[in-house]
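Q: Mind having a look at this structure? Questions to follow.
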Protein chains: 2
Amino acid sequence: MPHPNDPALRSFIDVGAASDFPIQNLPYGVFSTSASPTPRVGVAIGNAVLDLAVLESEGLLDLAAAQGVFAQASINAFMALGPKVWSQTRARISELLRHDNPELRDDAPLRARALVPMADAELHLPIAVAGYTDFYSSKEHATNVGVMFRGKDNALQPNWLHMPIAYNGRASTVVVSGTKVRRPHGQLKPPGAEVPSFAPCKRLDFELEMGVVIGQPSRIGEMLTESRAEGMIFGFVLLNDWSARDIQQWEYVPLGPFQAKAFATSISPWVVTREALEPFRVRGPKQDPTPLPYLQQAQPNNYDLELDVGLRAAQMNEAVPICRTNFKYMYWSSVQQLIHHASSGCAMNVGDLLGSGTISGPGKHQRGSLLEISWNGTEPVELASGIVRTFLEDGDSLVMRGWRQASGYRIGFGEVEGTILPAV
Amino acid sequence: MPHPNDPALRSFIDVGAASDFPIQNLPYGVFSTSASPTPRVGVAIGNAVLDLAVLESEGLLDLAAAQGVFAQASINAFMALGPKVWSQTRARISELLRHDNPELRDDAPLRARALVPMADAELHLPIAVAGYTDFYSSKEHATNVGVMFRGKDNALQPNWLHMPIAYNGRASTVVVSGTKVRRPHGQLKPPGAEVPSFAPCKRLDFELEMGVVIGQPSRIGEMLTESRAEGMIFGFVLLNDWSARDIQQWEYVPLGPFQAKAFATSISPWVVTREALEPFRVRGPKQDPTPLPYLQQAQPNNYDLELDVGLRAAQMNEAVPICRTNFKYMYWSSVQQLIHHASSGCAMNVGDLLGSGTISGPGKHQRGSLLEISWNGTEPVELASGIVRTFLEDGDSLVMRGWRQASGYRIGFGEVEGTILPAV
């Protein structure tokens, strides 16, 4: 049987060359339809969703002892089964979708039940988020922010090159793409103000990130090796770490961001598996100084994935590109992040979500936040004639995309979109 | 029917005058026994645990439509039923335990099934922790730390008097009293070191805190009033926010504590309800400057609760008192903390745990951490002849207690204990 990543594979389902979801991808999500409103697990294939709960109940997926893992509102139960089952299941789904396999292809009643047009599917949060952690692992991003607020000579904090810096975020407000985002209130104390006020955020921003989805737990007190950490990673999503810069500026000393990041974090509905991204693994930037032994990697743990961001004001018809960068620039890899996260003995759980941190690149067009793009508001961006932005305004829609073109197919994440609602 | 807080109430169960668990308390916990190893919900009464799963299955508790909420490994399902059910259930349990009610008292077979000697009960984590947030709301603690690290003139950060400062902690490592705590590894860079090393923490500390248990959810985008916030609070536990001071010192700029606090947080097994603490409500310290309107309180939201901390080295027979303070000193109340937590629109969940922050008091004997007690290691504490501490050593056992003596009875939390295991 060919490997599910084999570029020669074709599905009996028509998948356009520009589709993010060829048979080589098979990302997992949670969906419902108006005809069948109970959320369950599906896989994206072209412009369709394959209903895994139907396949499972038909006995077409061999999941050993596990039962009903796809008739659930998250992929957590499936992830808990572990990497061997992840691979076997993906191989079996690939087999069922191949152009030369009649099992599903020629069973019209089953196809009618198991294949749902993407346009008819409502997509839900794919994971029950156990914990949400946000890293700060792009050297270009950390440097840009440092230069802005501390000057060129002290751009990077002394600890930054020695460990993947992170904070715990708020799992309760992770939402799926398409969820509207309410402009938050918060305490603001702009420069020159004598006292703070409680008012709607005036410097609302996005952060372009990838999210790592943890699919296996670690025990309290357990430290992770590189291979153990890699094996715990189920897959990746696009992630928008919405940020209220003015709330953050006033609240973050000395315990870090709190309400500035707590109102919403948006992720893409499809979790692209680590296995599907295997062909795109690359070494990350050289790390100097050499990391401490517990953070050293033998494997290439970065991924060559194109990322872009578009912004559409309410009066515009189409989003305008404002950033085009690549996941491969990350200084600290997801594996290093996870190893560091558990290094104190911190237990990891199935469903933990690790934001990569804003992904900027070396170029000026590769900045992954409006804070950087507008250089702290000093360099407004013209989106269209007369439409200028420093930070996000009400009605703005922000769209992130991620993909990688391979020979003959393209692996993509779809998009993560969010539109800003005015403050209450 | 008398109110369950009535000081005149007595139980047919013998409760000593010094017991933390008279009929006026009735805290909720989760327990199992070797004879019946499935964890379920119980209430502490004197030296016994009342098995609520048994009472519920016998139809002795009227929980309307809810079924099986006590035959579970956490109190979350019960909390989700809301404040009216909390009150009704507590009143009914109080009634069943009264000295003059024969229902349970005279039913020997039922008593044998429903009452378990505390000594036979294994106590588990009482809540499924949805999110864990740690505040920093004692002015005395923040001032002590500030004086140590920034000097007297800049002790409090500019934002401290304007909002309850907090960070998101790690829910996955909240453990119940009695769980041994492994000394964590982490990156350390002591003063004078050229580069960091990865080694066992050398400055391991405790923090004396109370934990607020959130029993009702709020919606994303919802802001809370004082009465709404109060109604979401189910109860309180003792909380030890174990802290690795040397890890924290190197990692915390600019995003706050991460691995320094991620290895363990211990809580007491019994959740004392807000209702049981009602007689001990007091106004907190005067707040100057007056908080912004969203944080202003009409009610007294502090609690007059005695707290003490004992430390026992491995070679000692008994813990020695090292701190004696009171919950009433907190500058920001739990209600203000919760209001601020949701102020950006952050959704709160059933099972969220909010640490108060280290509770120090104005006196030198009222310092709630070894960092303060030993003044950053410069003033060692003598526990017994030849046994001196600046920070915690392997084998040390730390015990926190909380209680309030009323006329004729005492409401207590039991204890939260943890013993330090050597690093791996």
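Identifiers in this document derive from the order of the structure tokens: chains are assigned A, B, ..., residues are numbered from 1 separately in each chain, and ligands are numbered from 1 in order of occurrence.
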Provide as number ranges by chain the residues of chain B at most 8 Å from chain A, counting only C-alpha atoms.

A: B: 130-131, 157, 159, 162, 165-173, 182, 184-186, 196-198, 220-221, 250-260, 262-264, 292, 294, 341-349

Q: List as a list in words the protein and nucleic acid residues near Thr179 in chain B, meaning an atom at most 9 Å away when only C-alpha atoms are counted, but skip any in the same chain fewer than 6 places from it.

A: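 Non-adjacent residues within range: Ser266, Glu417, Gly418 and Thr419 of chain B.
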
Q: Could you pull out the alpha helix (DSSP H) residues of range 181-319 of chain A, going by DSSP on the backbone, and write them as JSON, numbers by chain?

A: {"A": [226, 227, 228, 229, 230, 231, 232, 245, 246, 247, 248, 249, 250, 251, 274, 275, 276, 277]}

Q: Write the residues you've just listed into a file as an mmCIF file, in the first residue's frame, and include C-alpha atoms for each of them.

A:
```
data_model
loop_
_atom_site.group_PDB
_atom_site.id
_atom_site.type_symbol
_atom_site.label_atom_id
_atom_site.label_comp_id
_atom_site.auth_asym_id
_atom_site.auth_seq_id
_atom_site.Cartn_x
_atom_site.Cartn_y
_atom_site.Cartn_z
ATOM 1 C CA GLU A 226 13.183 15.183 21.480
ATOM 2 C CA SER A 227 11.592 12.000 20.122
ATOM 3 C CA ARG A 228 9.091 11.755 22.961
ATOM 4 C CA ALA A 229 8.051 15.388 22.453
ATOM 5 C CA GLU A 230 7.703 14.941 18.711
ATOM 6 C CA GLY A 231 5.509 11.878 19.246
ATOM 7 C CA MET A 232 3.140 13.907 21.417
ATOM 8 C CA ARG A 245 -1.770 46.450 22.832
ATOM 9 C CA ASP A 246 -2.888 49.302 25.076
ATOM 10 C CA ILE A 247 -4.331 46.987 27.738
ATOM 11 C CA GLN A 248 -1.136 44.914 27.573
ATOM 12 C CA GLN A 249 1.147 47.907 27.912
ATOM 13 C CA TRP A 250 -0.420 48.945 31.222
ATOM 14 C CA GLU A 251 -1.054 45.530 32.793
ATOM 15 C CA ARG A 274 2.212 16.247 11.697
ATOM 16 C CA GLU A 275 2.435 13.269 9.363
ATOM 17 C CA ALA A 276 0.993 15.235 6.444
ATOM 18 C CA LEU A 277 3.613 17.944 7.007
#
```

Q: Hey, what does DSSP flag as strand (DSSP E or B) within range 177-264 of chain A? Can you give it to me as JSON, numbers by chain?

A: {"A": [181, 182, 185, 186, 187, 188, 197, 198, 199, 200, 204, 205, 207, 208, 209, 210, 211, 212, 213, 214, 233, 234, 235, 236, 237, 238, 239, 240, 243, 244]}

Q: Write out as an MDAnalysis selection string the residues lying within 7 Å of range 330-334 of chain A, counting only C-alpha atoms and excluding same-chain residues fewer than 2 positions away.

A: chainID A and resid 137:139 164 284:285 301:302 327:328 336:338 359

Q: Restricting the output to C-alpha atoms, write the selected residues as a PDB file, in the first residue's frame.

A:
```pdb
ATOM      1  CA  SER A 137       9.706  32.284  19.468  1.00  0.00           C
ATOM      2  CA  SER A 138      10.311  34.351  16.331  1.00  0.00           C
ATOM      3  CA  LYS A 139      13.598  36.175  16.694  1.00  0.00           C
ATOM      4  CA  PRO A 164      11.546  29.541  24.353  1.00  0.00           C
ATOM      5  CA  GLY A 284      15.449  26.005  11.622  1.00  0.00           C
ATOM      6  CA  PRO A 285      17.821  28.955  11.807  1.00  0.00           C
ATOM      7  CA  ASN A 301      11.860  20.278  13.527  1.00  0.00           C
ATOM      8  CA  ASN A 302      10.866  23.366  11.553  1.00  0.00           C
ATOM      9  CA  PHE A 327       6.776  29.169   9.456  1.00  0.00           C
ATOM     10  CA  LYS A 328      10.361  28.016   8.822  1.00  0.00           C
ATOM     11  CA  GLN A 336      11.826  22.682  21.687  1.00  0.00           C
ATOM     12  CA  GLN A 337       8.801  24.610  22.962  1.00  0.00           C
ATOM     13  CA  LEU A 338       7.156  21.424  24.176  1.00  0.00           C
ATOM     14  CA  ILE A 359       5.748  34.603  13.027  1.00  0.00           C
TER      15      ILE A 359
END
```

Q: CA of Gly412 in chain A and CA of Leu238 in chain A are how many Å apart?

A: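 A separation of 10.1 Å between them.
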
Q: Which polymer residues have any atom within 7 Å of an atom of range 202-215 of chain B, counting only C-alpha atoms, with same-chain residues fewer than 3 positions away left out, as number ranges by chain?

A: B: 79-80, 232-246, 350-359, 368-371, 391-392

Q: One number please: CA of Ala319 in chain B to CA of Ser360 in chain B, in Å, one decimal.

A: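 Distance reported for this atom pair: 19.7 Å.
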
Q: Could you name the residues that touch range 96-105 of chain A at 8 Å or less, counting only C-alpha atoms, but leaving out those on the same chain fewer than 2 positions away, as a compact mmCIF listing (two decimals) with all heavy atoms, in the first residue's frame?

A:
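Result file is part_13.txt:
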```txt
# COMPACT_ATOMS: atom_id res chain seq x y z
N LEU A 9 -0.74 9.69 -5.36
CA LEU A 9 -2.11 9.29 -4.97
C LEU A 9 -3.13 10.25 -5.55
O LEU A 9 -2.93 11.46 -5.61
CB LEU A 9 -2.25 9.27 -3.45
CG LEU A 9 -1.55 8.16 -2.66
CD1 LEU A 9 -1.89 8.30 -1.19
CD2 LEU A 9 -1.99 6.80 -3.18
N ARG A 10 -4.26 9.67 -5.97
CA ARG A 10 -5.39 10.47 -6.41
C ARG A 10 -6.66 9.95 -5.74
O ARG A 10 -6.75 8.77 -5.41
CB ARG A 10 -5.57 10.38 -7.93
CG ARG A 10 -4.56 11.21 -8.73
CD ARG A 10 -4.91 11.20 -10.21
NE ARG A 10 -4.77 9.87 -10.82
CZ ARG A 10 -5.70 9.26 -11.52
NH1 ARG A 10 -6.90 9.84 -11.72
NH2 ARG A 10 -5.48 8.07 -12.05
N SER A 11 -7.61 10.83 -5.55
CA SER A 11 -8.88 10.43 -4.96
C SER A 11 -9.95 10.38 -6.04
O SER A 11 -9.84 11.06 -7.06
CB SER A 11 -9.31 11.43 -3.88
OG SER A 11 -10.61 11.11 -3.40
N PHE A 12 -10.99 9.58 -5.80
CA PHE A 12 -12.14 9.61 -6.71
C PHE A 12 -12.95 10.90 -6.53
O PHE A 12 -13.80 11.23 -7.33
CB PHE A 12 -13.03 8.37 -6.51
CG PHE A 12 -13.64 8.27 -5.14
CD1 PHE A 12 -14.84 8.92 -4.84
CD2 PHE A 12 -13.02 7.51 -4.15
CE1 PHE A 12 -15.40 8.81 -3.58
CE2 PHE A 12 -13.58 7.41 -2.89
CZ PHE A 12 -14.77 8.06 -2.60
N ILE A 13 -12.65 11.61 -5.44
CA ILE A 13 -13.29 12.92 -5.26
C ILE A 13 -12.47 13.95 -6.01
O ILE A 13 -11.24 13.97 -5.92
CB ILE A 13 -13.33 13.28 -3.77
CG1 ILE A 13 -14.03 12.15 -3.03
CG2 ILE A 13 -13.94 14.65 -3.55
CD1 ILE A 13 -14.85 12.55 -1.89
N ILE A 23 -5.79 14.43 -1.25
CA ILE A 23 -5.74 13.17 -0.51
C ILE A 23 -4.46 13.06 0.32
O ILE A 23 -4.40 12.29 1.30
CB ILE A 23 -5.93 11.97 -1.47
CG1 ILE A 23 -6.20 10.68 -0.69
CG2 ILE A 23 -4.73 11.83 -2.41
CD1 ILE A 23 -6.63 9.50 -1.55
N ARG A 92 -5.86 4.31 6.45
CA ARG A 92 -7.13 3.69 6.08
C ARG A 92 -8.06 4.70 5.39
O ARG A 92 -8.72 4.36 4.39
CB ARG A 92 -7.80 3.11 7.34
CG ARG A 92 -9.18 2.53 7.14
CD ARG A 92 -9.19 1.38 6.14
NE ARG A 92 -10.54 0.83 6.00
CZ ARG A 92 -11.01 0.28 4.89
NH1 ARG A 92 -10.23 0.18 3.80
NH2 ARG A 92 -12.22 -0.19 4.83
N ILE A 93 -8.09 5.93 5.88
CA ILE A 93 -8.93 6.96 5.24
C ILE A 93 -8.40 7.22 3.83
O ILE A 93 -9.17 7.34 2.87
CB ILE A 93 -8.94 8.25 6.09
CG1 ILE A 93 -9.65 8.00 7.42
CG2 ILE A 93 -9.61 9.40 5.34
CD1 ILE A 93 -9.47 9.11 8.45
N SER A 94 -7.09 7.30 3.71
CA SER A 94 -6.47 7.49 2.40
C SER A 94 -6.89 6.37 1.44
O SER A 94 -7.29 6.62 0.30
CB SER A 94 -4.95 7.54 2.56
OG SER A 94 -4.30 7.55 1.31
N ASP A 107 -20.18 2.83 -3.63
CA ASP A 107 -21.32 2.59 -2.72
C ASP A 107 -22.10 3.90 -2.60
O ASP A 107 -21.89 4.69 -1.68
CB ASP A 107 -20.77 2.13 -1.37
CG ASP A 107 -21.88 1.69 -0.41
OD1 ASP A 107 -23.04 2.13 -0.60
OD2 ASP A 107 -21.58 0.94 0.54
N ALA A 108 -23.00 4.11 -3.53
CA ALA A 108 -23.69 5.41 -3.62
C ALA A 108 -24.44 5.78 -2.33
O ALA A 108 -24.35 6.93 -1.87
CB ALA A 108 -24.63 5.42 -4.82
N LEU A 110 -23.76 4.92 0.72
CA LEU A 110 -22.76 5.28 1.73
C LEU A 110 -22.15 6.65 1.43
O LEU A 110 -21.99 7.49 2.33
CB LEU A 110 -21.67 4.21 1.80
CG LEU A 110 -20.57 4.45 2.85
CD1 LEU A 110 -21.15 4.53 4.26
CD2 LEU A 110 -19.50 3.37 2.78
N ARG A 111 -21.81 6.88 0.16
CA ARG A 111 -21.27 8.19 -0.22
C ARG A 111 -22.23 9.30 0.14
O ARG A 111 -21.84 10.36 0.62
CB ARG A 111 -20.98 8.24 -1.73
CG ARG A 111 -19.68 7.57 -2.12
CD ARG A 111 -19.42 7.69 -3.61
NE ARG A 111 -19.23 9.06 -4.06
CZ ARG A 111 -18.62 9.38 -5.20
NH1 ARG A 111 -18.13 8.43 -5.99
NH2 ARG A 111 -18.48 10.64 -5.56
```

Q: Between CA of Ala71 in chain A and CA of Val30 in chain A, what distance in Å does the model show, to one decimal?

A: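 Between CA of Ala71 in chain A and CA of Val30 in chain A the gap works out to 9.6 Å.
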
Q: Find the residues near range 146-150 of chain B: any atom within 10 Å, counting only C-alpha atoms, skip ones fewer than 4 places away on the same chain, and give them as a list of chain:residue names.

A: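 The filter keeps B:Glu140, B:His141, B:Ala142, B:Asn154, B:Ala155, B:Leu156, B:Gln157, B:Leu371, B:Glu372, B:Trp375, B:Asn376.
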
Q: Restricting the output to N, CA, C and O atoms, write the selected residues as a CSV table (one decimal), in the first residue's frame.

A:
```
chain,number,residue,atom,x,y,z
B,140,GLU,N,0.8,44.0,51.2
B,140,GLU,CA,1.9,43.7,52.0
B,140,GLU,C,2.9,42.8,51.3
B,140,GLU,O,4.1,43.0,51.3
B,141,HIS,N,2.4,41.8,50.6
B,141,HIS,CA,3.3,40.9,49.9
B,141,HIS,C,4.0,41.6,48.7
B,141,HIS,O,5.2,41.5,48.5
B,142,ALA,N,3.1,42.3,47.9
B,142,ALA,CA,3.7,43.0,46.8
B,142,ALA,C,4.7,44.0,47.2
B,142,ALA,O,5.7,44.2,46.5
B,154,ASN,N,10.3,52.4,45.0
B,154,ASN,CA,9.6,51.9,43.8
B,154,ASN,C,8.9,50.5,44.1
B,154,ASN,O,8.8,49.7,43.2
B,155,ALA,N,8.6,50.3,45.4
B,155,ALA,CA,8.1,49.0,45.8
B,155,ALA,C,6.9,48.5,45.0
B,155,ALA,O,7.0,47.4,44.4
B,156,LEU,N,5.9,49.3,44.9
B,156,LEU,CA,4.7,48.9,44.1
B,156,LEU,C,4.8,49.4,42.7
B,156,LEU,O,5.1,50.5,42.5
B,157,GLN,N,4.5,48.5,41.8
B,157,GLN,CA,4.5,48.9,40.3
B,157,GLN,C,3.3,49.9,40.2
B,157,GLN,O,2.4,49.8,40.9
B,371,LEU,N,10.5,33.5,50.8
B,371,LEU,CA,11.1,34.7,50.2
B,371,LEU,C,11.1,35.9,51.1
B,371,LEU,O,12.1,36.6,51.3
B,372,GLU,N,9.9,36.1,51.7
B,372,GLU,CA,9.7,37.2,52.6
B,372,GLU,C,10.2,36.9,54.0
B,372,GLU,O,10.9,37.7,54.6
B,375,TRP,N,13.7,37.1,54.0
B,375,TRP,CA,14.1,38.3,53.2
B,375,TRP,C,15.1,38.0,52.1
B,375,TRP,O,16.3,38.4,52.2
B,376,ASN,N,14.6,37.2,51.1
B,376,ASN,CA,15.4,36.8,50.0
B,376,ASN,C,16.7,36.1,50.4
B,376,ASN,O,17.7,36.2,49.7
```
